[in-house]
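Enquirer: So I've got this file, target_34.tsv, and it contains TSV, C-alpha atoms and all ligand atoms:
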```
chain	number	residue	atom	x	y	z
K	1	MET	CA	1.54	21.72	-6.74
K	2	ARG	CA	-0.53	18.53	-6.70
K	3	LEU	CA	0.15	15.78	-4.17
K	4	ASN	CA	0.37	13.15	-6.89
K	5	LEU	CA	0.01	12.76	-10.66
K	6	PRO	CA	0.01	9.44	-12.55
K	7	LEU	CA	2.64	9.27	-15.31
K	8	THR	CA	0.36	8.41	-18.23
K	9	GLY	CA	0.56	9.61	-21.82
K	10	ALA	CA	0.55	8.64	-25.48
K	11	GLU	CA	1.83	5.10	-24.78
K	12	GLU	CA	-1.10	4.24	-22.52
K	13	LEU	CA	-3.56	5.84	-24.95
K	14	ALA	CA	-2.22	3.76	-27.86
K	15	ALA	CA	-2.27	0.61	-25.72
K	16	VAL	CA	-5.95	1.11	-24.86
K	17	ALA	CA	-6.84	1.88	-28.47
K	18	GLU	CA	-5.20	-1.36	-29.59
K	19	VAL	CA	-7.27	-3.42	-27.14
K	20	LEU	CA	-10.52	-1.67	-28.10
K	21	GLU	CA	-9.80	-2.29	-31.78
K	22	SER	CA	-9.04	-5.96	-31.12
K	23	GLY	CA	-12.58	-6.63	-29.86
K	24	TYR	CA	-11.21	-8.70	-26.95
K	25	LEU	CA	-11.81	-6.61	-23.85
K	26	THR	CA	-12.01	-8.88	-20.82
K	27	GLN	CA	-9.04	-10.62	-19.20
K	28	GLY	CA	-6.90	-12.16	-21.94
K	29	PRO	CA	-3.48	-11.84	-23.57
K	30	LYS	CA	-2.73	-8.37	-22.13
K	31	ALA	CA	-3.41	-9.48	-18.56
K	32	ALA	CA	-1.17	-12.53	-19.14
K	33	THR	CA	1.63	-10.28	-20.39
K	34	LEU	CA	1.27	-7.95	-17.40
K	35	GLU	CA	1.37	-10.98	-15.07
K	36	ALA	CA	4.60	-12.18	-16.70
K	37	LEU	CA	6.17	-8.71	-16.40
K	38	VAL	CA	5.33	-8.47	-12.69
K	39	ASN	CA	6.58	-12.03	-12.06
K	40	ASP	CA	9.87	-11.04	-13.71
K	41	THR	CA	10.19	-7.93	-11.54
K	42	VAL	CA	9.21	-9.64	-8.29
K	43	GLY	CA	10.94	-12.95	-8.97
K	44	THR	CA	7.88	-15.08	-8.26
K	45	GLU	CA	6.45	-18.05	-10.19
K	46	HIS	CA	2.78	-17.07	-10.20
K	47	ALA	CA	1.04	-13.73	-10.66
K	48	PHE	CA	-2.68	-13.00	-10.85
K	49	ALA	CA	-4.01	-9.77	-12.27
K	50	VAL	CA	-7.04	-8.64	-10.27
K	51	SER	CA	-9.44	-5.71	-10.31
K	52	SER	CA	-7.81	-3.97	-7.31
K	53	ALA	CA	-5.48	-4.65	-4.40
K	54	THR	CA	-8.57	-4.89	-2.20
K	55	THR	CA	-10.09	-7.71	-4.25
K	56	GLY	CA	-6.60	-9.26	-4.46
K	57	LEU	CA	-6.24	-9.30	-0.66
K	58	HIS	CA	-9.74	-10.77	-0.35
K	59	LEU	CA	-9.02	-13.46	-2.93
K	60	ALA	CA	-5.68	-14.35	-1.33
K	61	LEU	CA	-7.22	-14.66	2.16
K	62	VAL	CA	-9.95	-16.93	0.80
K	63	GLY	CA	-7.27	-18.92	-1.07
K	64	LEU	CA	-5.33	-19.26	2.19
K	65	GLY	CA	-8.43	-20.76	3.80
K	66	VAL	CA	-9.28	-17.92	6.21
K	67	LYS	CA	-12.81	-18.60	7.49
K	68	PRO	CA	-15.44	-16.80	9.61
K	69	ASP	CA	-14.31	-16.23	13.22
K	70	ASP	CA	-10.64	-16.76	12.34
K	71	GLU	CA	-8.26	-13.99	13.36
K	72	VAL	CA	-5.97	-12.10	11.00
K	73	ILE	CA	-3.16	-10.00	12.47
K	74	ILE	CA	-2.60	-6.62	10.81
K	75	PRO	CA	-0.82	-3.37	11.73
K	76	ASP	CA	-3.21	-0.68	13.00
K	77	PHE	CA	-1.72	1.97	10.70
K	78	SER	CA	-2.85	1.31	7.09
K	79	PHE	CA	-5.42	2.17	4.49
K	80	PRO	CA	-8.58	0.54	5.94
K	81	ALA	CA	-8.98	-1.84	2.97
K	82	THR	CA	-6.43	-3.98	4.83
K	83	ALA	CA	-8.91	-4.54	7.66
K	84	ASN	CA	-12.09	-4.39	5.56
K	85	VAL	CA	-11.23	-7.53	3.61
K	86	VAL	CA	-10.81	-9.43	6.88
K	87	VAL	CA	-14.22	-8.23	8.08
K	88	GLN	CA	-15.81	-9.13	4.71
K	89	LEU	CA	-14.70	-12.73	5.31
K	90	GLY	CA	-16.42	-12.78	8.68
K	91	ALA	CA	-12.97	-13.03	10.25
K	92	ILE	CA	-11.62	-10.74	12.97
K	93	PRO	CA	-8.87	-8.17	12.38
K	94	VAL	CA	-6.39	-8.12	15.27
K	95	PHE	CA	-4.64	-4.76	15.33
K	96	VAL	CA	-0.98	-4.64	16.33
K	97	ASP	CA	0.98	-1.43	16.90
K	98	ILE	CA	3.71	-0.14	14.58
K	99	GLU	CA	7.30	0.97	14.99
K	100	PRO	CA	7.25	4.77	15.12
K	101	ASP	CA	10.22	5.31	12.78
K	102	THR	CA	9.25	2.91	9.95
K	103	PHE	CA	5.41	2.97	10.37
K	104	ASN	CA	5.55	-0.84	10.00
K	105	LEU	CA	4.17	-3.65	12.16
K	106	ALA	CA	6.36	-4.08	15.25
K	107	PRO	CA	7.67	-7.69	15.18
K	108	ALA	CA	8.29	-7.53	18.94
K	109	LEU	CA	4.50	-7.33	19.51
K	110	LEU	CA	3.57	-10.13	17.12
K	111	GLU	CA	3.99	-13.20	19.33
K	112	ALA	CA	1.60	-11.85	21.98
K	113	ALA	CA	-1.12	-11.28	19.34
K	114	ILE	CA	-1.13	-14.91	18.14
K	115	THR	CA	-3.92	-17.19	19.38
K	116	PRO	CA	-5.13	-20.67	18.31
K	117	ARG	CA	-7.54	-18.81	15.97
K	118	THR	CA	-4.85	-16.84	14.10
K	119	ALA	CA	-5.24	-17.85	10.45
K	120	ALA	CA	-2.96	-15.31	8.75
K	121	ILE	CA	-0.53	-12.47	9.43
K	122	MET	CA	-0.83	-9.55	7.05
K	123	PRO	CA	2.08	-7.11	7.35
K	124	VAL	CA	1.76	-3.89	5.32
K	125	HIS	CA	4.77	-2.35	3.55
K	126	ALA	CA	3.92	1.16	4.69
K	127	PHE	CA	4.27	3.76	1.93
K	128	GLY	CA	6.61	1.35	0.08
K	129	LEU	CA	9.02	0.46	2.89
K	130	THR	CA	9.04	-3.31	3.50
K	131	ALA	CA	8.02	-4.50	6.95
K	132	ASP	CA	10.74	-6.26	8.96
K	133	MET	CA	9.94	-9.60	7.32
K	134	ASP	CA	12.63	-11.93	8.75
K	135	PRO	CA	11.34	-11.88	12.35
K	136	ILE	CA	7.72	-11.85	11.12
K	137	ASN	CA	8.31	-14.91	8.89
K	138	HIS	CA	10.18	-16.65	11.68
K	139	ILE	CA	7.34	-16.26	14.19
K	140	ALA	CA	4.80	-17.22	11.52
K	141	ALA	CA	6.76	-20.36	10.63
K	142	VAL	CA	7.02	-21.44	14.28
K	143	HIS	CA	3.21	-21.30	14.50
K	144	GLY	CA	2.56	-22.57	10.96
K	145	ILE	CA	0.66	-19.42	9.98
K	146	PRO	CA	0.75	-18.04	6.40
K	147	VAL	CA	1.99	-14.49	5.77
K	148	LEU	CA	0.21	-12.27	3.24
K	149	GLU	CA	2.12	-9.09	2.31
K	150	ASP	CA	-0.05	-6.03	1.73
K	151	ALA	CA	2.45	-4.73	-0.82
K	152	ALA	CA	-0.04	-2.25	-2.33
K	153	CYS	CA	2.55	0.56	-2.27
K	154	ALA	CA	5.70	-1.52	-2.58
K	155	LEU	CA	6.32	-2.47	-6.23
K	156	THR	CA	10.17	-2.29	-6.60
K	157	ALA	CA	10.79	-2.16	-2.83
K	158	LEU	CA	13.57	-4.46	-1.56
K	159	TYR	CA	14.19	-6.11	1.81
K	160	ASN	CA	17.78	-7.32	2.19
K	161	GLY	CA	17.93	-7.37	-1.59
K	162	ARG	CA	14.72	-9.41	-1.99
K	163	PRO	CA	11.66	-7.88	-3.70
K	164	ALA	CA	8.42	-7.06	-1.91
K	165	GLY	CA	5.79	-9.53	-3.07
K	166	SER	CA	8.23	-12.45	-2.78
K	167	LEU	CA	8.80	-12.19	0.99
K	168	GLY	CA	5.73	-13.99	2.36
K	169	THR	CA	3.35	-16.76	1.31
K	170	ALA	CA	1.83	-14.29	-1.16
K	171	GLY	CA	1.88	-10.55	-1.83
K	172	VAL	CA	-0.60	-8.07	-3.29
K	173	PHE	CA	0.18	-4.89	-5.26
K	174	SER	CA	-2.17	-2.02	-6.14
K	175	PHE	CA	-2.38	-0.25	-9.50
K	176	HIS	CA	-4.52	2.61	-8.18
K	177	PRO	CA	-3.34	6.00	-9.57
K	178	ARG	CA	-1.70	6.86	-6.24
K	179	LYS	CA	0.61	3.82	-6.44
K	180	ILE	CA	3.92	3.11	-8.22
K	181	ILE	CA	2.29	2.16	-11.54
K	182	THR	CA	-1.38	2.43	-12.43
K	183	THR	CA	-4.03	0.76	-14.57
K	184	GLY	CA	-6.77	3.15	-13.37
K	185	GLU	CA	-7.98	0.52	-10.93
K	186	GLY	CA	-6.22	-2.80	-10.66
K	187	GLY	CA	-3.89	-5.02	-8.70
K	188	MET	CA	-1.67	-8.11	-8.79
K	189	ILE	CA	-1.18	-11.10	-6.49
K	190	THR	CA	2.24	-12.78	-6.52
K	191	THR	CA	3.19	-16.13	-4.96
K	192	ASN	CA	5.54	-19.10	-5.20
K	193	ASP	CA	2.94	-21.41	-3.63
K	194	SER	CA	1.58	-23.54	-6.48
K	195	GLU	CA	-1.38	-24.94	-4.52
K	196	LEU	CA	-2.49	-21.50	-3.41
K	197	ALA	CA	-2.06	-20.32	-7.01
K	198	ALA	CA	-4.30	-23.11	-8.29
K	199	ARG	CA	-7.06	-22.20	-5.81
K	200	MET	CA	-6.84	-18.47	-6.58
K	201	ARG	CA	-6.93	-19.10	-10.34
K	202	VAL	CA	-10.32	-20.84	-10.01
K	203	LEU	CA	-11.72	-18.45	-7.38
K	204	ARG	CA	-10.81	-15.37	-9.46
K	205	THR	CA	-13.19	-16.47	-12.25
K	206	HIS	CA	-16.49	-17.59	-10.68
K	207	GLY	CA	-15.02	-20.83	-9.33
K	208	ALA	CA	-15.10	-22.12	-12.89
K	209	VAL	CA	-12.84	-24.62	-14.64
K	210	ARG	CA	-13.01	-25.58	-18.29
K	211	ASP	CA	-14.71	-28.92	-18.78
K	212	GLY	CA	-14.82	-29.98	-22.42
K	213	LEU	CA	-17.08	-27.63	-24.35
K	214	PHE	CA	-18.35	-25.73	-21.32
K	215	MET	CA	-17.42	-24.63	-17.81
K	216	SER	CA	-17.81	-26.58	-14.62
K	217	PHE	CA	-18.34	-24.56	-11.44
K	218	VAL	CA	-16.34	-26.23	-8.69
K	219	ASP	CA	-16.49	-23.41	-6.14
K	220	ALA	CA	-18.61	-20.33	-5.34
K	221	GLY	CA	-15.98	-17.93	-6.69
K	222	PHE	CA	-15.69	-14.25	-7.57
K	223	ASN	CA	-15.22	-12.17	-10.66
K	224	TYR	CA	-12.05	-10.34	-9.62
K	225	ARG	CA	-10.40	-10.32	-13.08
K	226	LEU	CA	-8.54	-7.35	-14.52
K	227	SER	CA	-9.80	-6.42	-18.00
K	228	ASP	CA	-7.37	-6.32	-20.92
K	229	VAL	CA	-8.23	-2.62	-21.32
K	230	HIS	CA	-6.68	-1.99	-17.91
K	231	ALA	CA	-3.89	-4.53	-18.33
K	232	ALA	CA	-2.72	-2.81	-21.52
K	233	ILE	CA	-2.26	0.41	-19.53
K	234	GLY	CA	-0.24	-1.59	-17.01
K	235	ILE	CA	2.06	-3.00	-19.71
K	236	ALA	CA	2.80	0.54	-20.92
K	237	GLN	CA	3.43	1.56	-17.31
K	238	MET	CA	5.85	-1.33	-16.71
K	239	ALA	CA	8.02	-0.01	-19.57
K	240	LYS	CA	8.42	3.16	-17.49
K	241	LEU	CA	9.10	1.38	-14.21
K	242	ASP	CA	12.88	1.92	-14.14
K	243	HIS	CA	12.39	5.62	-14.85
K	244	ILE	CA	9.67	5.92	-12.20
K	245	VAL	CA	11.74	4.18	-9.53
K	246	GLY	CA	14.88	6.15	-10.42
K	247	ARG	CA	13.09	9.50	-10.21
K	248	ARG	CA	11.40	8.61	-6.93
K	249	GLN	CA	14.76	7.61	-5.40
K	250	THR	CA	16.51	10.77	-6.64
K	251	LEU	CA	13.74	13.10	-5.50
K	252	ALA	CA	13.38	11.38	-2.13
K	253	SER	CA	17.12	11.78	-1.45
K	254	ALA	CA	16.94	15.43	-2.42
K	255	LEU	CA	13.90	16.02	-0.22
K	256	THR	CA	15.45	14.25	2.76
K	257	GLU	CA	18.58	16.39	2.41
K	258	ARG	CA	16.56	19.63	2.37
K	259	ILE	CA	14.24	18.59	5.18
K	260	GLY	CA	17.13	17.70	7.48
K	261	SER	CA	17.38	21.32	8.56
K	262	VAL	CA	13.66	21.90	9.19
K	263	GLU	CA	13.09	21.96	12.92
K	264	GLY	CA	10.30	19.75	14.25
K	265	VAL	CA	10.23	17.52	11.17
K	266	THR	CA	11.62	13.98	10.94
K	267	ALA	CA	12.32	12.60	7.46
K	268	PRO	CA	11.44	8.98	6.57
K	269	VAL	CA	14.05	6.38	7.51
K	270	VAL	CA	15.34	3.67	5.19
K	271	PRO	CA	16.85	0.77	7.17
K	272	GLU	CA	20.14	-0.74	6.00
K	273	GLY	CA	19.55	-3.24	3.20
K	274	SER	CA	16.13	-1.87	2.23
K	275	ARG	CA	15.03	-0.01	-0.86
K	276	HIS	CA	11.99	2.17	-0.18
K	277	SER	CA	9.71	2.51	-3.22
K	278	PHE	CA	8.70	5.98	-1.95
K	279	GLN	CA	5.12	5.50	-3.13
K	280	SER	CA	4.53	8.18	-0.52
K	281	TYR	CA	7.11	10.43	1.11
K	282	VAL	CA	5.88	10.71	4.70
K	283	VAL	CA	7.45	12.84	7.42
K	284	THR	CA	6.62	12.95	11.13
K	285	LEU	CA	5.99	16.26	12.87
K	286	ASP	CA	6.89	16.87	16.50
K	287	GLU	CA	3.92	16.32	18.78
K	288	ASP	CA	3.49	20.01	19.59
K	289	ILE	CA	2.94	20.90	15.91
K	290	ASP	CA	-0.71	20.91	14.71
K	291	ARG	CA	-0.41	18.71	11.60
K	292	ASP	CA	-3.78	19.70	10.16
K	293	ALA	CA	-2.84	23.38	10.47
K	294	VAL	CA	0.39	22.66	8.57
K	295	ILE	CA	-1.68	21.04	5.78
K	296	CYS	CA	-3.82	24.24	5.60
K	297	GLU	CA	-0.77	26.53	5.61
K	298	MET	CA	0.86	24.51	2.84
K	299	ARG	CA	-2.34	24.71	0.82
K	300	GLU	CA	-2.06	28.53	1.15
K	301	LEU	CA	1.43	28.15	-0.33
K	302	ASP	CA	-0.10	26.08	-3.16
K	303	VAL	CA	1.49	22.78	-2.09
K	304	GLU	CA	-0.98	19.91	-1.64
K	305	THR	CA	-0.24	17.57	1.26
K	306	THR	CA	-2.27	15.09	3.31
K	307	LEU	CA	-2.16	12.83	6.34
K	308	GLY	CA	0.09	9.72	6.26
K	309	THR	CA	-2.58	7.05	6.51
K	310	TYR	CA	-5.20	5.91	9.01
K	311	SER	CA	-5.01	4.42	12.46
K	312	MET	CA	-7.81	1.99	11.79
K	313	HIS	CA	-8.97	1.52	15.39
K	314	LEU	CA	-9.85	5.26	15.38
K	315	GLN	CA	-12.26	4.86	12.46
K	316	PRO	CA	-15.95	4.79	13.44
K	317	TYR	CA	-16.67	1.22	12.29
K	318	PHE	CA	-13.71	-0.31	14.12
K	319	ARG	CA	-14.11	1.93	17.15
K	320	GLU	CA	-17.76	0.97	17.59
K	321	ARG	CA	-17.10	-2.71	17.01
K	322	PHE	CA	-13.87	-3.24	18.97
K	323	GLY	CA	-13.50	-0.16	21.19
K	324	ILE	CA	-9.72	-0.42	21.46
K	325	PRO	CA	-8.26	2.36	23.65
K	326	ASP	CA	-5.58	4.59	22.10
K	327	GLU	CA	-3.13	3.59	24.83
K	328	ALA	CA	-3.11	0.04	23.43
K	329	LEU	CA	-1.87	1.32	20.06
K	330	PRO	CA	0.14	4.44	20.95
K	331	ASN	CA	2.47	4.61	17.94
K	332	ALA	CA	-0.27	4.18	15.36
K	333	THR	CA	-2.42	6.71	17.20
K	334	ARG	CA	0.40	9.25	17.14
K	335	ALA	CA	1.23	8.54	13.47
K	336	HIS	CA	-2.44	9.12	12.62
K	337	ARG	CA	-2.15	12.65	14.06
K	338	SER	CA	1.47	13.59	13.22
K	339	ALA	CA	2.41	11.97	9.90
K	340	LEU	CA	2.35	14.16	6.81
K	341	THR	CA	2.59	13.11	3.15
K	342	LEU	CA	4.47	15.50	0.85
K	343	PRO	CA	4.27	15.62	-2.98
K	344	LEU	CA	6.71	13.22	-4.64
K	345	TYR	CA	6.33	11.81	-8.17
K	346	PRO	CA	8.50	11.48	-11.28
K	347	GLN	CA	7.19	14.65	-12.98
K	348	LEU	CA	8.58	16.90	-10.23
K	349	SER	CA	11.91	18.69	-10.72
K	350	GLU	CA	14.65	19.36	-8.17
K	351	SER	CA	13.43	22.94	-7.89
K	352	ASP	CA	9.93	21.66	-7.12
K	353	VAL	CA	11.49	19.67	-4.29
K	354	ASP	CA	13.17	22.86	-3.04
K	355	ARG	CA	9.74	24.49	-3.01
K	356	VAL	CA	8.19	21.62	-1.06
K	357	ALA	CA	10.90	21.79	1.61
K	358	GLU	CA	10.79	25.58	1.82
K	359	SER	CA	6.97	25.60	2.07
K	360	LEU	CA	7.13	23.01	4.83
K	361	ARG	CA	9.66	25.11	6.76
K	362	LEU	CA	7.46	28.20	6.40
K	363	ALA	CA	4.25	26.37	7.29
K	364	VAL	CA	5.74	24.82	10.44
K	365	GLU	CA	7.12	28.21	11.47
K	366	ARG	CA	3.72	29.88	11.03
K	367	VAL	CA	1.85	27.15	12.89
K	368	ARG	CA	4.31	27.27	15.76
K	369	SER	CA	4.20	31.05	16.13
K	370	ALA	CA	0.40	31.45	15.91
K	371	PRO	CA	-1.91	29.67	18.35
K	372	ALA	CA	-4.66	27.71	16.60
K	373	ALA	CA	-7.41	30.14	17.71
K	374	ALA	CA	-5.61	33.16	16.25
K	375	ARG	CA	-5.19	31.47	12.87
K	376	ARG	CA	-8.89	30.74	12.49
L	401	LIG	C1	-4.01	1.57	-1.72
L	401	LIG	C2	-3.93	0.53	-0.70
L	401	LIG	C3	-4.84	-0.55	-0.68
L	401	LIG	C4	-6.01	-0.64	-1.63
L	401	LIG	O1	-5.62	-0.69	-2.97
L	401	LIG	P1	-6.75	-0.65	-4.10
L	401	LIG	O2	-6.04	-1.10	-5.35
L	401	LIG	O3	-7.21	0.77	-4.20
L	401	LIG	O4	-7.83	-1.57	-3.71
L	401	LIG	C5	-4.67	-1.53	0.28
L	401	LIG	N1	-3.68	-1.46	1.19
L	401	LIG	C6	-2.81	-0.44	1.21
L	401	LIG	C7	-1.72	-0.41	2.23
L	401	LIG	C8	-2.92	0.60	0.28
L	401	LIG	O5	-2.07	1.63	0.33
```
Give the structure from the file, written as structure tokens.
Ligand SMILES: *Cc1c(COP(=O)(O)O)cnc(C)c1O
Expert:
Amino acid sequence: MRLNLPLTGAEELAAVAEVLESGYLTQGPKAATLEALVNDTVGTEHAFAVSSATTGLHLALVGLGVKPDDEVIIPDFSFPATANVVVQLGAIPVFVDIEPDTFNLAPALLEAAITPRTAAIMPVHAFGLTADMDPINHIAAVHGIPVLEDAACALTALYNGRPAGSLGTAGVFSFHPRKIITTGEGGMITTNDSELAARMRVLRTHGAVRDGLFMSFVDAGFNYRLSDVHAAIGIAQMAKLDHIVGRRQTLASALTERIGSVEGVTAPVVPEGSRHSFQSYVVTLDEDIDRDAVICEMRELDVETTLGTYSMHLQPYFRERFGIPDEALPNATRAHRSALTLPLYPQLSESDVDRVAESLRLAVERVRSAPAAARR
């Protein structure tokens, strides 16, 4: 059983064929339609289709005015693109620890991380569970600092009934095949801030504005557009969004029920008032269980699993540059070693979910009964 499979078929194929036949391939009417669909879903006024969530985060940070030597606060536990875009700006990522149960930035640690150089706070909605945005927004507002949601995994996630992507100054979604919907590669920025929107619109396309017959280049911008070939796939995917979300919710509930009885395994939590998108279904293993050995045992049982995500301060680039000790970021360090992602996607059946839970139970049992040396 694969860890993940995108839900693409005849609809996406037809959508791509239509664009190719039209002769208009770069960003155009399809991207505009996809932007409108995402705005509708997220409840924002402005949406910008971009070539990936990574380029979207970069564009949004530039739009927010983050400059070299500024600091940007991020949780330590995320896909490293979150920190890379900060480094690409010449700014400094400031890693804050997470809450162990939600994997999200710990608001209680935020205040102490703020300095006069803090230019943005970038909470991540880990695996599709929104960060605790009310306290984060409150602290940000007190200091006048913008909040950029890394909502890469969180399309359809809700925080106290409000959609991810509408909770901060701006939000960024990913359309990578591992995410809720896909365009192959792609992403979307959402915001209600009209001035930020105006800056991002120009920066996304070479810093160019139309000026009579030609273009006038008013800024040194990027080409971070999403092509209409990709956007057409996204439109077909958006038609399946309700189905995708429904299946993910149903399967996640089923999996949580079955995993409840597996000793040494903690199922993901969903705080009151939140809707988890379940982009990834991530459990935590007790500290005495060798997570990597469980991954190998599950592979033997033909169930593909992987780590949760990365504690970024442990990665060679960030370790060499910042040298942050593990004790400073204990929860992220532990999540890096003990979190485990299980297969969960709309194509799975309830009996597949049974198999995932049963394989996990078996794998944990085997790892616990055999010392690592004996297994190898
Ligand atoms: C996937 C992901 C990204 C990067 O998304 P791309 O569209 O592949 O650039 C960034 N942040 C988080 C939290 C992600 O999960």
Enquirer: Go through K:Val85, K:Ala332, K:Val218, K:Leu3 and flag the residue nearest ligand LIG 401 (chain L), using only C-alpha atoms and all ligand atoms for the distances.
Expert: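 Among K:Val85, K:Ala332, K:Val218, K:Leu3, it is K:Val85 that comes nearest to ligand LIG 401 (chain L).
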Enquirer: Hey, which residues sit close to ligand LIG 401 (chain L)? Say within 7 Å, counting only C-alpha atoms and all ligand atoms, and write them as a PDB file with C-alpha atoms, keeping the file's coordinate frame.
Expert:
```pdb
ATOM      1  CA  SER K  52      -7.810  -3.970  -7.310  1.00  0.00           C
ATOM      2  CA  ALA K  53      -5.480  -4.650  -4.400  1.00  0.00           C
ATOM      3  CA  THR K  54      -8.570  -4.890  -2.200  1.00  0.00           C
ATOM      4  CA  THR K  55     -10.090  -7.710  -4.250  1.00  0.00           C
ATOM      5  CA  SER K  78      -2.850   1.310   7.090  1.00  0.00           C
ATOM      6  CA  PHE K  79      -5.420   2.170   4.490  1.00  0.00           C
ATOM      7  CA  ALA K  81      -8.980  -1.840   2.970  1.00  0.00           C
ATOM      8  CA  THR K  82      -6.430  -3.980   4.830  1.00  0.00           C
ATOM      9  CA  VAL K 124       1.760  -3.890   5.320  1.00  0.00           C
ATOM     10  CA  HIS K 125       4.770  -2.350   3.550  1.00  0.00           C
ATOM     11  CA  ALA K 126       3.920   1.160   4.690  1.00  0.00           C
ATOM     12  CA  PHE K 127       4.270   3.760   1.930  1.00  0.00           C
ATOM     13  CA  ASP K 150      -0.050  -6.030   1.730  1.00  0.00           C
ATOM     14  CA  ALA K 151       2.450  -4.730  -0.820  1.00  0.00           C
ATOM     15  CA  ALA K 152      -0.040  -2.250  -2.330  1.00  0.00           C
ATOM     16  CA  CYS K 153       2.550   0.560  -2.270  1.00  0.00           C
ATOM     17  CA  SER K 174      -2.170  -2.020  -6.140  1.00  0.00           C
ATOM     18  CA  PHE K 175      -2.380  -0.250  -9.500  1.00  0.00           C
ATOM     19  CA  HIS K 176      -4.520   2.610  -8.180  1.00  0.00           C
ATOM     20  CA  LYS K 179       0.610   3.820  -6.440  1.00  0.00           C
ATOM     21  CA  GLU K 185      -7.980   0.520 -10.930  1.00  0.00           C
ATOM     22  CA  GLY K 186      -6.220  -2.800 -10.660  1.00  0.00           C
ATOM     23  CA  GLY K 187      -3.890  -5.020  -8.700  1.00  0.00           C
TER      24      GLY K 187
END
```
Enquirer: Determine the nearest neighbour of Val270 of chain K from the options K:Ile324, K:Ile139, K:Ala83, K:Gly128, counting all atoms listed in the file.
Expert: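 Residue with the minimum atom-to-atom distance to Val270 of chain K: K:Gly128.
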Enquirer: Report as a count of residues only all protein, DNA and RNA residues lying within 12 Å of Met312 of chain K, evaluated on all atoms listed in the file, omitting residues in the same chain fewer than 6 positions from it.
Expert: 30
Enquirer: So which residues touch segment 32-38 of chain K within 9 Å, counting only C-alpha atoms, skipping near sequence neighbours fewer than 5 positions away, as a PDB file with C-alpha atoms, in the coordinates of the input?
Expert:
```
ATOM      1  CA  GLN K  27      -9.040 -10.620 -19.200  1.00  0.00           C
ATOM      2  CA  GLY K  43      10.940 -12.950  -8.970  1.00  0.00           C
ATOM      3  CA  THR K  44       7.880 -15.080  -8.260  1.00  0.00           C
ATOM      4  CA  GLU K  45       6.450 -18.050 -10.190  1.00  0.00           C
ATOM      5  CA  HIS K  46       2.780 -17.070 -10.200  1.00  0.00           C
ATOM      6  CA  ALA K  47       1.040 -13.730 -10.660  1.00  0.00           C
ATOM      7  CA  PHE K  48      -2.680 -13.000 -10.850  1.00  0.00           C
ATOM      8  CA  ALA K  49      -4.010  -9.770 -12.270  1.00  0.00           C
ATOM      9  CA  LEU K 155       6.320  -2.470  -6.230  1.00  0.00           C
ATOM     10  CA  MET K 188      -1.670  -8.110  -8.790  1.00  0.00           C
ATOM     11  CA  ILE K 189      -1.180 -11.100  -6.490  1.00  0.00           C
ATOM     12  CA  THR K 190       2.240 -12.780  -6.520  1.00  0.00           C
ATOM     13  CA  ASP K 228      -7.370  -6.320 -20.920  1.00  0.00           C
ATOM     14  CA  ALA K 231      -3.890  -4.530 -18.330  1.00  0.00           C
ATOM     15  CA  ALA K 232      -2.720  -2.810 -21.520  1.00  0.00           C
ATOM     16  CA  GLY K 234      -0.240  -1.590 -17.010  1.00  0.00           C
ATOM     17  CA  ILE K 235       2.060  -3.000 -19.710  1.00  0.00           C
ATOM     18  CA  MET K 238       5.850  -1.330 -16.710  1.00  0.00           C
TER      19      MET K 238
END
```
Enquirer: Between K:Met133, K:Ile114, K:Val367, K:Leu314, which is the closest to Asp292 of chain K once you count all atoms listed in the file?
Expert: K:Val367
Enquirer: Excluding Arg199 of chain K and residues on its chain fewer than 6 positions from it, collect all residues at most 10 Å away from it, counting all atoms listed in the file, and give them as a tab-separated table (two decimals) with C-alpha atoms, in the frame of the given file.
Expert:
```tsv
chain	number	residue	atom	x	y	z
K	59	LEU	CA	-9.02	-13.46	-2.93
K	60	ALA	CA	-5.68	-14.35	-1.33
K	62	VAL	CA	-9.95	-16.93	0.80
K	63	GLY	CA	-7.27	-18.92	-1.07
K	64	LEU	CA	-5.33	-19.26	2.19
K	65	GLY	CA	-8.43	-20.76	3.80
K	207	GLY	CA	-15.02	-20.83	-9.33
K	219	ASP	CA	-16.49	-23.41	-6.14
K	221	GLY	CA	-15.98	-17.93	-6.69
```
Enquirer: Given the point (10.9, -4.7, -4.4) in the file's coordinates, find the residues that have an atom at most 10 Å from it, counting all atoms listed in the file, and give them as JSON, numbers by chain.
Expert: {"K": [41, 42, 43, 128, 129, 130, 151, 154, 155, 156, 157, 158, 159, 160, 161, 162, 163, 164, 165, 166, 167, 274, 275, 276, 277]}
Enquirer: Using only C-alpha atoms, which of the listed residues (K:Arg299, K:Val294, K:Ile259, K:His230) sits closest to Ala17 of chain K?
Expert: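 For Ala17 of chain K, the nearest of the given residues is K:His230.
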Enquirer: In Å to one decimal, how far is atom CA of Ser261 of chain K from atom CA of Arg291 of chain K?
Expert: 18.2 Å
Enquirer: Between atom CA of Arg248 of chain K and atom CA of Leu7 of chain K, measure the distance and give it in Å to one decimal.
Expert: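 Interatomic distance, atom CA of Arg248 of chain K to atom CA of Leu7 of chain K: 12.1 Å.
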Enquirer: Just give me the gap between atom CA of Glu358 of chain K and atom CA of Thr341 of chain K in Å, one decimal is fine.
Expert: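 Pair atom CA of Glu358 of chain K / atom CA of Thr341 of chain K returns 15.0 Å.
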Enquirer: Go through K:Pro268, K:Gly273, K:Pro107, K:Pro29 one by one, measure the shortest atom-to-atom distance of each to Leu340 of chain K using all atoms listed in the file, and give the residue with the smallest value.
Expert: K:Pro268
Enquirer: Between K:Gly144, K:Met122, K:Ser227, K:Asn104, which residue has the minimum interatomic distance to Gly28 of chain K, considering all atoms listed in the file?
Expert: K:Ser227
